$ cat target-v3.tsv   # TSV, C-alpha atoms
chain	number	residue	atom	x	y	z
A	1	ALA	CA	0.00	0.00	0.00
A	2	ALA	CA	1.09	3.57	-0.57
A	3	ILE	CA	0.04	6.36	1.77
A	4	VAL	CA	0.56	10.05	1.03
A	5	VAL	CA	0.10	12.45	3.94
A	6	GLN	CA	-0.28	16.12	3.02
A	7	ASP	CA	-0.89	17.53	6.51
A	8	ARG	CA	1.52	15.47	8.58
A	9	GLN	CA	1.22	17.46	11.77
A	10	ASN	CA	-2.55	17.01	12.00
A	11	ALA	CA	-2.95	13.63	10.26
A	12	ALA	CA	-0.04	11.66	11.73
A	13	PRO	CA	-1.69	10.71	15.04
A	14	ALA	CA	-4.77	9.27	13.29
A	15	VAL	CA	-2.65	7.50	10.64
A	16	ASN	CA	-0.41	5.91	13.28
A	17	ARG	CA	-3.43	4.86	15.35
A	18	ILE	CA	-4.96	3.05	12.35
A	19	LEU	CA	-1.64	1.43	11.44
A	20	SER	CA	-1.32	0.22	15.05
A	21	ASP	CA	-4.84	-1.22	14.88
A	22	TYR	CA	-3.82	-3.22	11.78
A	23	ALA	CA	-0.28	-4.12	12.92
A	24	GLY	CA	-1.09	-7.81	12.49
A	25	ILE	CA	-1.14	-7.51	8.68
A	26	ILE	CA	1.81	-5.10	8.32
A	27	VAL	CA	4.98	-6.96	7.32
A	28	GLY	CA	7.07	-3.87	6.62
A	29	ARG	CA	6.76	-0.10	6.66
A	30	MET	CA	8.95	2.64	5.22
A	31	GLY	CA	8.29	6.35	5.51
A	32	VAL	CA	9.97	9.08	3.47
A	33	PRO	CA	9.50	12.82	3.88
A	34	TYR	CA	9.20	14.37	0.41
A	35	LYS	CA	10.12	17.91	1.37
A	36	ASP	CA	10.06	19.32	-2.18
A	37	ARG	CA	6.35	18.46	-2.37
A	38	GLY	CA	5.52	19.08	1.27
A	39	VAL	CA	4.22	15.56	1.85
A	40	SER	CA	5.21	12.37	3.63
A	41	VAL	CA	5.05	9.09	1.73
A	42	MET	CA	4.75	5.66	3.31
A	43	ALA	CA	5.12	2.28	1.65
A	44	LEU	CA	3.60	-0.72	3.40
A	45	ILE	CA	3.99	-4.42	2.72
A	46	LEU	CA	0.82	-6.13	3.88
A	47	ASP	CA	-0.19	-9.77	4.31
A	48	GLY	CA	-3.93	-10.05	4.75
A	49	ASP	CA	-7.25	-10.69	3.08
A	50	THR	CA	-8.83	-8.12	0.79
A	51	ASP	CA	-11.57	-7.23	3.29
A	52	THR	CA	-9.08	-6.37	6.04
A	53	ILE	CA	-6.77	-4.45	3.71
A	54	GLY	CA	-9.75	-2.59	2.25
A	55	ALA	CA	-11.02	-1.69	5.71
A	56	MET	CA	-7.62	-0.31	6.69
A	57	THR	CA	-7.14	1.75	3.54
A	58	GLY	CA	-10.72	2.99	3.73
A	59	LYS	CA	-10.11	4.31	7.23
A	60	LEU	CA	-6.84	5.91	6.15
A	61	GLY	CA	-8.53	7.54	3.17
A	62	SER	CA	-11.19	9.07	5.39
A	63	ILE	CA	-8.56	11.20	7.16
A	64	ALA	CA	-8.31	14.74	5.79
A	65	GLY	CA	-5.06	15.21	3.86
A	66	VAL	CA	-4.39	11.47	3.47
A	67	LYS	CA	-4.55	9.42	0.28
A	68	SER	CA	-3.97	5.68	0.05
A	69	ARG	CA	-3.72	3.16	-2.77
A	70	VAL	CA	-3.24	-0.59	-2.81
A	71	THR	CA	-1.83	-3.04	-5.33
A	72	LEU	CA	-2.74	-6.65	-4.61
A	73	VAL	CA	-0.57	-9.60	-5.58
A	74	ASN	CA	-1.63	-13.19	-4.98
A	75	LEU	CA	1.34	-15.19	-3.71
A	76	ASP	CA	-0.58	-18.40	-3.04
A	77	GLY	CA	-0.06	-19.67	-6.59
A	78	LYS	CA	-3.81	-19.99	-7.07
A	79	ASP	CA	-3.89	-17.37	-9.80
A	80	GLY	CA	-2.08	-19.59	-12.30
A	81	GLU	CA	1.41	-18.17	-11.77
$ encode --input "target-v3.tsv" --output "structure tokens"
Amino acid sequence: AAIVVQDRQNAAPAVNRILSDYAGIIVGRMGVPYKDRGVSVMALILDGDTDTIGAMTGKLGSIAGVKSRVTLVNLDGKDGE
């Protein structure tokens, strides 16, 4: 998942609270301040079902100044790969 935070000072507590609530599906997390654009960018590696991931990103997206996007990859081999 990718998370872009435009208003870090106000949004960070809510973002971190949600990420803590979903810590069980977070495998890795990297945050980078993008000072030229005035935003913070986070990359998450998640391991969970689509409902749980969707619930988390939906909550993140409901925070003012926060945008989130997800790319799903099936690693179970059930998709023919």
$ residues_around --input "target-v3.tsv" --residues "A:Gly28" --least-positions-apart "3" --cutoff "10 Å" --atoms "only C-alpha atoms" --output "ChimeraX atom specification"
/A:23,25,43-47
$ residues_around --input "target-v3.tsv" --residues "A:Gly31" --least-positions-apart "6" --cutoff "8 Å" --atoms "only C-alpha atoms" --output "list in words"
Ser40, Val41, Met42 and Ala43 of chain A
$ write_last_selection --input "target-v3.tsv" --atoms "C-alpha atoms" --output "tab-separated table (two decimals), keeping the file's coordinate frame"
chain	number	residue	atom	x	y	z
A	40	SER	CA	5.21	12.37	3.63
A	41	VAL	CA	5.05	9.09	1.73
A	42	MET	CA	4.75	5.66	3.31
A	43	ALA	CA	5.12	2.28	1.65
$ residues_near_point --input "target-v3.tsv" --point "(6.2, 7.8, 1.2)" --cutoff "12 Å" --atoms "all atoms listed in the file" --output "VMD selection string"
chain A and resid 1 to 6 8 29 to 35 37 to 44 66 to 69
$ atom_distance --input "target-v3.tsv" --atom1 "atom CA of A:Ile53" --atom2 "atom CA of A:Asn10"
23.4 Å
$ atom_distance --input "target-v3.tsv" --atom1 "atom CA of A:Ala55" --atom2 "atom CA of A:Val70"
11.6 Å
$ atom_distance --input "target-v3.tsv" --atom1 "atom CA of A:Ala14" --atom2 "atom CA of A:Ile26"
16.6 Å
$ residues_around --input "target-v3.tsv" --residues "A:Asp51" --least-positions-apart "6" --cutoff "12 Å" --atoms "all atoms listed in the file" --output "list in words"
Ile25, Thr57, Gly58 and Leu72 of chain A
$ write_last_selection --input "target-v3.tsv" --atoms "C-alpha atoms" --output "PDB file, in the coordinates of the input"
ATOM      1  CA  ILE A  25      -1.140  -7.510   8.680  1.00  0.00           C
ATOM      2  CA  THR A  57      -7.140   1.750   3.540  1.00  0.00           C
ATOM      3  CA  GLY A  58     -10.720   2.990   3.730  1.00  0.00           C
ATOM      4  CA  LEU A  72      -2.740  -6.650  -4.610  1.00  0.00           C
TER       5      LEU A  72
END
